[in-house]
$ cat my_file_16.tsv   # TSV, C-alpha atoms
chain	number	residue	atom	x	y	z
A	19	MET	CA	166.16	117.45	65.31
A	20	ILE	CA	165.44	114.27	63.42
A	21	ARG	CA	161.87	112.98	63.44
A	22	VAL	CA	161.45	109.43	62.30
A	23	ARG	CA	158.95	108.77	59.55
A	24	THR	CA	158.52	106.00	57.06
A	25	ILE	CA	161.17	106.45	54.44
A	26	GLY	CA	158.62	105.75	51.74
A	27	ILE	CA	157.54	109.39	51.98
A	28	LEU	CA	160.83	110.29	50.36
A	29	LEU	CA	160.51	108.02	47.34
A	30	THR	CA	156.82	108.76	46.81
A	31	ALA	CA	157.62	112.43	46.58
A	32	LEU	CA	160.70	111.89	44.45
A	33	LEU	CA	159.10	109.66	41.89
A	34	SER	CA	155.74	111.39	41.58
A	35	GLY	CA	157.12	114.04	39.25
A	36	CYS	CA	159.32	111.81	37.13
A	37	ALA	CA	156.73	110.70	34.63
A	38	ARG	CA	155.74	114.23	33.49
A	39	ALA	CA	157.76	116.98	31.89
A	40	GLU	CA	157.22	119.89	34.24
A	41	PRO	CA	159.30	122.55	35.97
A	42	PRO	CA	161.42	121.30	38.88
A	43	ARG	CA	159.75	121.47	42.27
A	44	GLN	CA	161.64	123.64	44.71
A	45	TYR	CA	162.08	123.13	48.46
A	46	PRO	CA	164.01	125.19	51.01
A	47	VAL	CA	166.86	123.34	52.71
A	48	LYS	CA	168.64	124.20	55.94
A	49	GLY	CA	171.45	122.01	57.22
A	50	GLN	CA	175.13	121.32	57.82
A	51	VAL	CA	177.79	120.23	55.34
A	52	LEU	CA	179.42	116.93	56.32
A	53	SER	CA	181.55	116.35	53.25
A	54	VAL	CA	182.55	118.22	50.08
A	55	ASP	CA	183.31	116.43	46.80
A	56	ALA	CA	184.52	119.28	44.63
A	57	ASP	CA	185.51	117.07	41.69
A	58	GLY	CA	182.19	115.23	41.65
A	59	ARG	CA	180.26	118.42	42.48
A	60	LYS	CA	178.45	116.83	45.42
A	61	LEU	CA	177.74	117.72	49.04
A	62	VAL	CA	176.83	115.45	51.94
A	63	VAL	CA	174.35	117.48	53.98
A	64	ALA	CA	172.67	116.72	57.30
A	65	HIS	CA	169.50	118.73	56.82
A	66	GLU	CA	166.46	119.57	58.87
A	67	ASP	CA	162.94	118.55	57.84
A	68	ILE	CA	162.08	119.67	54.31
A	69	PRO	CA	158.37	120.48	54.70
A	70	GLY	CA	156.20	118.62	52.24
A	71	PHE	CA	159.09	116.55	50.94
A	72	MET	CA	161.14	114.50	53.43
A	73	PRO	CA	162.05	114.26	57.11
A	74	ALA	CA	165.40	115.34	58.50
A	75	MET	CA	168.05	113.15	56.91
A	76	THR	CA	171.68	113.02	55.84
A	77	MET	CA	171.95	112.78	52.06
A	78	THR	CA	174.43	113.15	49.23
A	79	TYR	CA	173.27	115.77	46.73
A	80	PRO	CA	174.66	116.98	43.40
A	81	VAL	CA	175.04	120.75	43.34
A	82	ALA	CA	174.46	123.32	40.61
A	83	THR	CA	177.45	124.28	38.50
A	84	ASP	CA	177.46	127.84	39.82
A	85	THR	CA	178.01	126.69	43.43
A	86	ALA	CA	181.42	127.70	44.82
A	87	LEU	CA	182.32	124.36	46.42
A	88	ALA	CA	185.85	125.51	47.21
A	89	ALA	CA	184.37	127.95	49.71
A	90	LEU	CA	182.60	125.19	51.66
A	91	ALA	CA	184.02	122.83	54.28
A	92	PRO	CA	182.70	120.16	56.67
A	93	GLY	CA	180.89	121.84	59.55
A	94	ASP	CA	179.56	124.78	57.52
A	95	LEU	CA	175.92	125.65	58.06
A	96	ILE	CA	174.02	126.37	54.85
A	97	THR	CA	170.72	127.27	53.33
A	98	ALA	CA	169.87	126.13	49.82
A	99	THR	CA	167.10	125.30	47.41
A	100	LEU	CA	166.51	121.69	46.42
A	101	GLU	CA	165.25	121.47	42.85
A	102	VAL	CA	163.61	118.11	42.19
A	103	SER	CA	163.11	116.94	38.64
A	104	ASP	CA	164.58	113.45	38.94
A	105	ALA	CA	165.00	110.78	41.63
A	106	GLN	CA	167.60	112.75	43.55
A	107	GLY	CA	167.32	116.49	43.09
A	108	THR	CA	169.98	119.17	42.84
A	109	LEU	CA	171.01	121.81	45.37
A	110	THR	CA	171.00	125.37	44.07
A	111	LYS	CA	171.46	128.77	45.71
A	112	VAL	CA	173.76	127.30	48.35
A	113	THR	CA	174.62	129.95	50.94
A	114	LYS	CA	176.91	129.58	53.93
A	115	THR	CA	175.32	130.97	57.09
A	116	GLY	CA	177.88	129.94	59.70
A	117	THR	CA	179.82	126.99	61.06
A	118	ALA	CA	179.44	124.58	63.98
A	119	PRO	CA	180.98	121.36	65.31
A	120	ILE	CA	179.61	118.27	63.59
A	121	ARG	CA	177.38	116.60	66.12
A	122	GLN	CA	177.78	113.00	67.14
A	123	GLY	CA	174.91	110.71	66.28
A	124	ALA	CA	174.00	107.88	63.96
A	125	ASN	CA	176.80	107.64	61.39
A	126	GLN	CA	177.25	111.28	60.46
A	127	MET	CA	180.85	111.52	61.64
A	128	ALA	CA	181.85	108.69	59.32
A	129	MET	CA	180.15	110.43	56.42
A	130	ALA	CA	181.93	113.67	57.27
A	131	THR	CA	185.45	112.34	57.61
A	132	ALA	CA	185.94	109.46	55.19
A	133	LEU	CA	183.34	109.36	52.42
A	134	LEU	CA	184.54	107.02	49.67
A	135	GLY	CA	184.78	108.21	46.10
A	136	PRO	CA	186.04	106.85	42.77
A	137	GLY	CA	189.61	105.62	43.07
A	138	ASP	CA	189.48	105.09	46.83
A	139	VAL	CA	190.50	101.72	48.24
A	140	LEU	CA	187.80	99.41	49.55
A	141	PRO	CA	187.98	99.67	53.36
A	142	ASP	CA	188.40	96.44	55.27
A	143	ALA	CA	185.94	95.41	57.97
A	144	ALA	CA	185.22	92.30	60.02
A	145	LEU	CA	181.69	91.05	59.40
A	146	VAL	CA	179.69	87.79	59.55
A	147	ASP	CA	177.90	86.15	56.63
A	148	GLN	CA	174.60	84.27	56.35
A	149	ASP	CA	176.39	81.02	57.21
A	150	ASP	CA	177.73	82.50	60.48
A	151	ARG	CA	181.26	82.65	59.13
A	152	ARG	CA	183.56	85.56	59.94
A	153	ARG	CA	184.41	87.44	56.78
A	154	SER	CA	186.67	90.32	55.83
A	155	LEU	CA	185.82	92.69	52.99
A	156	SER	CA	189.37	92.25	51.73
A	157	GLU	CA	188.34	88.74	50.63
A	158	TRP	CA	186.45	90.28	47.71
A	159	VAL	CA	189.49	91.98	46.20
A	160	GLY	CA	190.19	90.26	42.89
A	161	THR	CA	186.62	90.29	41.57
A	162	ALA	CA	184.36	93.11	40.47
A	163	THR	CA	182.01	93.60	43.42
A	164	LEU	CA	178.69	95.38	43.74
A	165	LEU	CA	177.92	96.35	47.35
A	166	THR	CA	174.79	97.81	48.90
A	167	PHE	CA	173.16	98.30	52.33
A	168	THR	CA	169.67	96.93	53.10
A	169	TYR	CA	167.81	95.17	55.89
A	170	SER	CA	165.37	92.29	55.83
A	171	ARG	CA	162.44	94.04	57.56
A	172	CYS	CA	162.54	97.15	55.35
A	173	PRO	CA	158.86	97.98	54.72
A	174	ASP	CA	159.18	100.17	51.63
A	175	PRO	CA	159.06	98.19	48.36
A	176	THR	CA	160.98	100.94	46.57
A	177	PHE	CA	163.93	100.70	48.94
A	178	CYS	CA	165.55	97.48	50.21
A	179	PRO	CA	163.17	95.08	48.41
A	180	LEU	CA	163.94	96.88	45.15
A	181	MET	CA	167.67	96.56	45.80
A	182	ASP	CA	167.17	92.83	46.43
A	183	GLN	CA	165.20	92.57	43.20
A	184	ASN	CA	167.91	94.38	41.24
A	185	PHE	CA	170.63	92.19	42.72
A	186	ALA	CA	168.65	89.06	41.86
A	187	THR	CA	168.35	90.28	38.26
A	188	ILE	CA	172.08	91.00	38.09
A	189	GLN	CA	172.88	87.59	39.59
A	190	ARG	CA	170.86	85.85	36.86
A	191	SER	CA	172.47	87.94	34.13
A	192	VAL	CA	175.97	87.26	35.44
A	193	ALA	CA	175.29	83.50	35.41
A	194	GLU	CA	174.26	83.72	31.75
A	195	ASP	CA	177.15	85.94	30.59
A	196	ALA	CA	180.43	84.18	29.88
A	197	ALA	CA	182.34	87.45	30.25
A	198	LEU	CA	180.99	87.97	33.79
A	199	LYS	CA	180.44	84.48	35.20
A	200	GLY	CA	182.89	83.80	38.01
A	201	ARG	CA	184.23	87.36	37.87
A	202	VAL	CA	181.47	89.28	39.71
A	203	LYS	CA	180.33	89.19	43.32
A	204	LEU	CA	177.39	90.86	45.10
A	205	ILE	CA	177.30	91.96	48.75
A	206	SER	CA	174.30	93.10	50.79
A	207	ILE	CA	175.20	94.45	54.25
A	208	SER	CA	172.40	94.61	56.81
A	209	LEU	CA	171.63	97.95	58.46
A	210	ASP	CA	169.69	96.08	61.16
A	211	PRO	CA	172.28	93.79	62.80
A	212	GLU	CA	170.27	93.43	66.02
A	213	HIS	CA	167.53	91.62	64.08
A	214	ASP	CA	169.38	90.34	61.03
A	215	THR	CA	171.30	87.48	62.58
A	216	PRO	CA	173.05	85.01	60.28
A	217	ALA	CA	170.05	82.69	60.58
A	218	VAL	CA	167.66	85.46	59.53
A	219	LEU	CA	169.90	86.43	56.62
A	220	LYS	CA	170.13	82.80	55.55
A	221	LYS	CA	166.34	82.58	55.24
A	222	HIS	CA	166.28	85.96	53.50
A	223	ALA	CA	168.90	84.79	51.00
A	224	VAL	CA	166.93	81.62	50.22
A	225	ALA	CA	163.73	83.62	49.77
A	226	ARG	CA	165.49	85.94	47.30
A	227	GLY	CA	166.97	83.08	45.31
A	228	ALA	CA	170.51	84.10	46.18
A	229	ASP	CA	173.39	81.93	45.07
A	230	THR	CA	175.61	82.59	48.07
A	231	ALA	CA	178.68	81.68	46.05
A	232	VAL	CA	177.96	84.93	44.19
A	233	TRP	CA	175.67	86.99	46.44
A	234	THR	CA	176.69	87.26	50.10
A	235	PHE	CA	174.63	88.75	52.93
A	236	LEU	CA	176.66	90.24	55.77
A	237	THR	CA	175.96	91.53	59.26
A	238	GLY	CA	178.14	92.72	62.13
A	239	ASP	CA	178.22	94.77	65.28
A	240	LEU	CA	176.25	98.02	65.17
A	241	ALA	CA	179.26	100.34	65.42
A	242	THR	CA	181.03	98.61	62.53
A	243	VAL	CA	177.93	98.66	60.33
A	244	ASP	CA	177.22	102.34	60.98
A	245	ARG	CA	180.83	103.36	60.38
A	246	LEU	CA	181.03	101.33	57.18
A	247	ALA	CA	177.68	102.62	55.89
A	248	GLY	CA	178.83	106.17	56.53
A	249	ARG	CA	182.00	105.65	54.54
A	250	PHE	CA	179.93	104.39	51.61
A	251	GLY	CA	177.66	107.44	51.84
A	252	VAL	CA	174.65	105.73	53.41
A	253	SER	CA	172.85	107.76	56.06
A	254	VAL	CA	171.23	105.80	58.89
A	255	VAL	CA	168.82	106.98	61.59
A	256	ARG	CA	168.33	104.74	64.62
A	257	PRO	CA	164.79	105.24	66.02
A	258	GLY	CA	164.98	102.29	68.40
A	259	GLY	CA	162.50	99.52	69.02
A	260	ASP	CA	160.77	97.92	66.06
A	261	ASP	CA	160.27	101.16	64.12
A	262	PRO	CA	161.50	101.23	60.52
A	263	ILE	CA	165.08	102.41	60.08
A	264	PRO	CA	165.19	105.50	57.85
A	265	HIS	CA	168.21	105.37	55.60
A	266	SER	CA	169.45	106.56	52.25
A	267	LEU	CA	170.41	104.27	49.38
A	268	ARG	CA	173.82	104.06	47.76
A	269	THR	CA	175.20	101.11	45.83
A	270	THR	CA	178.92	100.94	45.05
A	271	LEU	CA	180.88	99.17	42.34
A	272	VAL	CA	184.39	98.13	43.38
A	273	GLY	CA	186.81	96.97	40.71
A	274	PRO	CA	188.90	93.79	40.88
A	275	ASP	CA	191.82	95.96	42.02
A	276	GLY	CA	189.91	96.86	45.20
A	277	HIS	CA	189.32	100.47	44.20
A	278	VAL	CA	185.91	102.16	44.04
A	279	ARG	CA	184.87	102.67	40.43
A	280	LYS	CA	181.39	104.13	40.70
A	281	SER	CA	178.52	104.77	43.13
A	282	TYR	CA	174.81	104.79	42.36
A	283	SER	CA	172.75	107.01	44.66
A	284	GLY	CA	169.08	106.36	45.29
A	285	ASN	CA	166.96	103.74	43.58
A	286	ASP	CA	166.78	104.96	40.00
A	287	TRP	CA	169.70	102.91	38.67
A	288	THR	CA	168.91	99.93	36.49
A	289	PRO	CA	170.46	96.46	36.41
A	290	GLY	CA	171.21	96.92	32.72
A	291	ALA	CA	173.30	100.03	33.30
A	292	VAL	CA	175.18	98.41	36.18
A	293	LEU	CA	175.86	95.27	34.13
A	294	ALA	CA	177.48	97.47	31.48
A	295	ASP	CA	179.69	99.02	34.18
A	296	LEU	CA	180.55	95.55	35.51
A	297	ARG	CA	181.64	94.45	32.04
A	298	ALA	CA	183.90	97.48	31.84
A	299	ALA	CA	185.28	96.74	35.29
A	300	VAL	CA	186.21	93.13	34.57
A	301	THR	CA	187.97	94.06	31.31
A	302	ALA	CA	189.83	97.09	32.65
A	303	PRO	CA	193.63	96.78	32.56

$ encode --input "my_file_16.tsv" --output "structure tokens"
Amino acid sequence: MIRVRTIGILLTALLSGCARAEPPRQYPVKGQVLSVDADGRKLVVAHEDIPGFMPAMTMTYPVATDTALAALAPGDLITATLEVSDAQGTLTKVTKTGTAPIRQGANQMAMATALLGPGDVLPDAALVDQDDRRRSLSEWVGTATLLTFTYSRCPDPTFCPLMDQNFATIQRSVAEDAALKGRVKLISISLDPEHDTPAVLKKHAVARGADTAVWTFLTGDLATVDRLAGRFGVSVVRPGGDDPIPHSLRTTLVGPDGHVRKSYSGNDWTPGAVLADLRAAVTAP
């Protein structure tokens, strides 16, 4: 069902309408619900191709206030309208058309069964850093931590390279802010572990000006990475070979207590806004 295309199609379409005040563009959506966040009014949907907008993908979408989320459950088949007036879009006119088993593939099962939300505990996982040292995510409990998923060969400048750029900006700001220095960590987990070996990540970190005492690059086995990405709400499609890896973007702020505080979907968040959230995180009781 999924056809692999360059993920830049998605962002080009999303951002093209942001600069002008105009009615939302509308696209028909057909897919399957993987997760329901009734409190946050969001759905994780594995959808078919949206003609003229994006290829088949698994994404987290906010839903209109008149959507009866209590009537939906993982596995439900739906039709909906995606109204796009910002960098994410909103699902409206959500209609259940049936139900089916959630298919295995990529990391959809992880997204369906254990999607992290505010207040949830940071899951532990065994990974390897850019210095080829085995690391556990539990090591970061005790500091406010910003975590995202990227990969070094990502070809779209509005995706992984932009996340790297934002993290570099945050790293510089943290170093200059007495309230944040020594109390904030950054983590980038590679979605391409077969290519992104520790040696590759080491070069990537140097090229991005990363202070690895603050900003750590991690890799691991494919199953662990896909499962972890799914839990953080990041959809991954594995085309094979050297083709680009279509994926969604989601960056997560974890408080010093090891609980998720906030997630930022897509690429429209700014370092300034996240720095404000980090300051709140480090001063929280």

$ atom_distance --input "my_file_16.tsv" --atom1 "CA of Ala299 (chain A)" --atom2 "CA of Leu198 (chain A)"
9.9 Å

$ atom_distance --input "my_file_16.tsv" --atom1 "CA of Thr76 (chain A)" --atom2 "CA of Val272 (chain A)"
23.2 Å

$ residues_around --input "my_file_16.tsv" --residues "Thr270 (chain A)" --least-positions-apart "6" --cutoff "6 Å" --atoms "all atoms listed in the file" --output "PDB file with C-alpha atoms, keeping the file's coordinate frame"
ATOM      1  CA  LEU A 164     178.690  95.380  43.740  1.00  0.00           C
ATOM      2  CA  LEU A 165     177.920  96.350  47.350  1.00  0.00           C
ATOM      3  CA  LYS A 280     181.390 104.130  40.700  1.00  0.00           C
ATOM      4  CA  SER A 281     178.520 104.770  43.130  1.00  0.00           C
TER       5      SER A 281
END

$ residues_around --input "my_file_16.tsv" --residues "Gly238 (chain A)" --least-positions-apart "6" --cutoff "8 Å" --atoms "all atoms listed in the file" --output "ChimeraX atom specification"
/A:144-146,211

$ atom_distance --input "my_file_16.tsv" --atom1 "CA of His213 (chain A)" --atom2 "CA of Leu246 (chain A)"
18.0 Å

$ residues_around --input "my_file_16.tsv" --residues "region 185-196 of chain A" --least-positions-apart "2" --cutoff "7 Å" --atoms "only C-alpha atoms" --output "PyMOL selection string"
chain A and resi 181-183+198-199+228+289+293

$ build_atoms --input "my_file_16.tsv" --residues "region 202-235 of chain A" --atoms "N, CA and C atoms" --output "PDB file, in the coordinates of the input"
ATOM      1  N   VAL A 202     182.283  88.247  39.051  1.00  0.00           N
ATOM      2  CA  VAL A 202     181.470  89.280  39.710  1.00  0.00           C
ATOM      3  C   VAL A 202     180.908  88.728  41.010  1.00  0.00           C
ATOM      4  N   LYS A 203     180.933  89.546  42.041  1.00  0.00           N
ATOM      5  CA  LYS A 203     180.330  89.190  43.320  1.00  0.00           C
ATOM      6  C   LYS A 203     179.363  90.306  43.746  1.00  0.00           C
ATOM      7  N   LEU A 204     178.383  89.926  44.556  1.00  0.00           N
ATOM      8  CA  LEU A 204     177.390  90.860  45.100  1.00  0.00           C
ATOM      9  C   LEU A 204     177.422  90.770  46.620  1.00  0.00           C
ATOM     10  N   ILE A 205     177.317  91.918  47.279  1.00  0.00           N
ATOM     11  CA  ILE A 205     177.300  91.960  48.750  1.00  0.00           C
ATOM     12  C   ILE A 205     176.150  92.842  49.206  1.00  0.00           C
ATOM     13  N   SER A 206     175.329  92.317  50.106  1.00  0.00           N
ATOM     14  CA  SER A 206     174.300  93.100  50.790  1.00  0.00           C
ATOM     15  C   SER A 206     174.627  93.119  52.277  1.00  0.00           C
ATOM     16  N   ILE A 207     174.861  94.305  52.833  1.00  0.00           N
ATOM     17  CA  ILE A 207     175.200  94.450  54.250  1.00  0.00           C
ATOM     18  C   ILE A 207     173.972  94.952  54.999  1.00  0.00           C
ATOM     19  N   SER A 208     173.604  94.259  56.056  1.00  0.00           N
ATOM     20  CA  SER A 208     172.400  94.610  56.810  1.00  0.00           C
ATOM     21  C   SER A 208     172.618  95.861  57.666  1.00  0.00           C
ATOM     22  N   LEU A 209     171.638  96.762  57.608  1.00  0.00           N
ATOM     23  CA  LEU A 209     171.630  97.950  58.460  1.00  0.00           C
ATOM     24  C   LEU A 209     170.910  97.677  59.786  1.00  0.00           C
ATOM     25  N   ASP A 210     170.466  96.440  59.977  1.00  0.00           N
ATOM     26  CA  ASP A 210     169.690  96.080  61.160  1.00  0.00           C
ATOM     27  C   ASP A 210     170.320  94.853  61.834  1.00  0.00           C
ATOM     28  N   PRO A 211     171.576  94.977  62.292  1.00  0.00           N
ATOM     29  CA  PRO A 211     172.280  93.790  62.800  1.00  0.00           C
ATOM     30  C   PRO A 211     171.637  93.183  64.047  1.00  0.00           C
ATOM     31  N   GLU A 212     170.892  93.976  64.814  1.00  0.00           N
ATOM     32  CA  GLU A 212     170.270  93.430  66.020  1.00  0.00           C
ATOM     33  C   GLU A 212     169.196  92.409  65.660  1.00  0.00           C
ATOM     34  N   HIS A 213     168.543  92.577  64.525  1.00  0.00           N
ATOM     35  CA  HIS A 213     167.530  91.620  64.080  1.00  0.00           C
ATOM     36  C   HIS A 213     168.081  90.649  63.049  1.00  0.00           C
ATOM     37  N   ASP A 214     168.891  91.156  62.135  1.00  0.00           N
ATOM     38  CA  ASP A 214     169.380  90.340  61.030  1.00  0.00           C
ATOM     39  C   ASP A 214     170.577  89.491  61.445  1.00  0.00           C
ATOM     40  N   THR A 215     170.289  88.462  62.194  1.00  0.00           N
ATOM     41  CA  THR A 215     171.300  87.480  62.580  1.00  0.00           C
ATOM     42  C   THR A 215     171.664  86.643  61.355  1.00  0.00           C
ATOM     43  N   PRO A 216     172.741  85.890  61.408  1.00  0.00           N
ATOM     44  CA  PRO A 216     173.050  85.010  60.280  1.00  0.00           C
ATOM     45  C   PRO A 216     171.888  84.096  59.904  1.00  0.00           C
ATOM     46  N   ALA A 217     171.176  83.568  60.887  1.00  0.00           N
ATOM     47  CA  ALA A 217     170.050  82.690  60.580  1.00  0.00           C
ATOM     48  C   ALA A 217     168.956  83.422  59.817  1.00  0.00           C
ATOM     49  N   VAL A 218     168.667  84.658  60.225  1.00  0.00           N
ATOM     50  CA  VAL A 218     167.660  85.460  59.530  1.00  0.00           C
ATOM     51  C   VAL A 218     168.117  85.752  58.107  1.00  0.00           C
ATOM     52  N   LEU A 219     169.382  86.127  57.960  1.00  0.00           N
ATOM     53  CA  LEU A 219     169.900  86.430  56.620  1.00  0.00           C
ATOM     54  C   LEU A 219     169.920  85.194  55.737  1.00  0.00           C
ATOM     55  N   LYS A 220     170.147  84.036  56.324  1.00  0.00           N
ATOM     56  CA  LYS A 220     170.130  82.800  55.550  1.00  0.00           C
ATOM     57  C   LYS A 220     168.746  82.575  54.941  1.00  0.00           C
ATOM     58  N   LYS A 221     167.706  82.732  55.751  1.00  0.00           N
ATOM     59  CA  LYS A 221     166.340  82.580  55.240  1.00  0.00           C
ATOM     60  C   LYS A 221     166.028  83.637  54.192  1.00  0.00           C
ATOM     61  N   HIS A 222     166.511  84.864  54.437  1.00  0.00           N
ATOM     62  CA  HIS A 222     166.280  85.960  53.500  1.00  0.00           C
ATOM     63  C   HIS A 222     166.963  85.654  52.164  1.00  0.00           C
ATOM     64  N   ALA A 223     168.170  85.125  52.218  1.00  0.00           N
ATOM     65  CA  ALA A 223     168.900  84.790  51.000  1.00  0.00           C
ATOM     66  C   ALA A 223     168.161  83.711  50.197  1.00  0.00           C
ATOM     67  N   VAL A 224     167.672  82.697  50.894  1.00  0.00           N
ATOM     68  CA  VAL A 224     166.930  81.620  50.220  1.00  0.00           C
ATOM     69  C   VAL A 224     165.674  82.177  49.563  1.00  0.00           C
ATOM     70  N   ALA A 225     164.963  83.042  50.290  1.00  0.00           N
ATOM     71  CA  ALA A 225     163.730  83.620  49.770  1.00  0.00           C
ATOM     72  C   ALA A 225     163.979  84.481  48.536  1.00  0.00           C
ATOM     73  N   ARG A 226     165.172  85.073  48.445  1.00  0.00           N
ATOM     74  CA  ARG A 226     165.490  85.940  47.300  1.00  0.00           C
ATOM     75  C   ARG A 226     166.174  85.174  46.172  1.00  0.00           C
ATOM     76  N   GLY A 227     166.339  83.884  46.345  1.00  0.00           N
ATOM     77  CA  GLY A 227     166.970  83.080  45.310  1.00  0.00           C
ATOM     78  C   GLY A 227     168.451  83.358  45.158  1.00  0.00           C
ATOM     79  N   ALA A 228     169.095  83.749  46.247  1.00  0.00           N
ATOM     80  CA  ALA A 228     170.510  84.100  46.180  1.00  0.00           C
ATOM     81  C   ALA A 228     171.387  82.861  46.069  1.00  0.00           C
ATOM     82  N   ASP A 229     172.313  82.902  45.135  1.00  0.00           N
ATOM     83  CA  ASP A 229     173.390  81.930  45.070  1.00  0.00           C
ATOM     84  C   ASP A 229     174.501  82.502  45.938  1.00  0.00           C
ATOM     85  N   THR A 230     174.680  81.966  47.131  1.00  0.00           N
ATOM     86  CA  THR A 230     175.610  82.590  48.070  1.00  0.00           C
ATOM     87  C   THR A 230     177.070  82.438  47.666  1.00  0.00           C
ATOM     88  N   ALA A 231     177.334  81.682  46.610  1.00  0.00           N
ATOM     89  CA  ALA A 231     178.680  81.680  46.050  1.00  0.00           C
ATOM     90  C   ALA A 231     178.944  82.979  45.285  1.00  0.00           C
ATOM     91  N   VAL A 232     177.862  83.662  44.917  1.00  0.00           N
ATOM     92  CA  VAL A 232     177.960  84.930  44.190  1.00  0.00           C
ATOM     93  C   VAL A 232     177.484  86.098  45.044  1.00  0.00           C
ATOM     94  N   TRP A 233     176.348  85.914  45.708  1.00  0.00           N
ATOM     95  CA  TRP A 233     175.670  86.990  46.440  1.00  0.00           C
ATOM     96  C   TRP A 233     175.726  86.679  47.930  1.00  0.00           C
ATOM     97  N   THR A 234     176.484  87.470  48.662  1.00  0.00           N
ATOM     98  CA  THR A 234     176.690  87.260  50.100  1.00  0.00           C
ATOM     99  C   THR A 234     175.936  88.306  50.902  1.00  0.00           C
ATOM    100  N   PHE A 235     175.287  87.844  51.982  1.00  0.00           N
ATOM    101  CA  PHE A 235     174.630  88.750  52.930  1.00  0.00           C
ATOM    102  C   PHE A 235     175.486  88.819  54.189  1.00  0.00           C
TER     103      PHE A 235
END
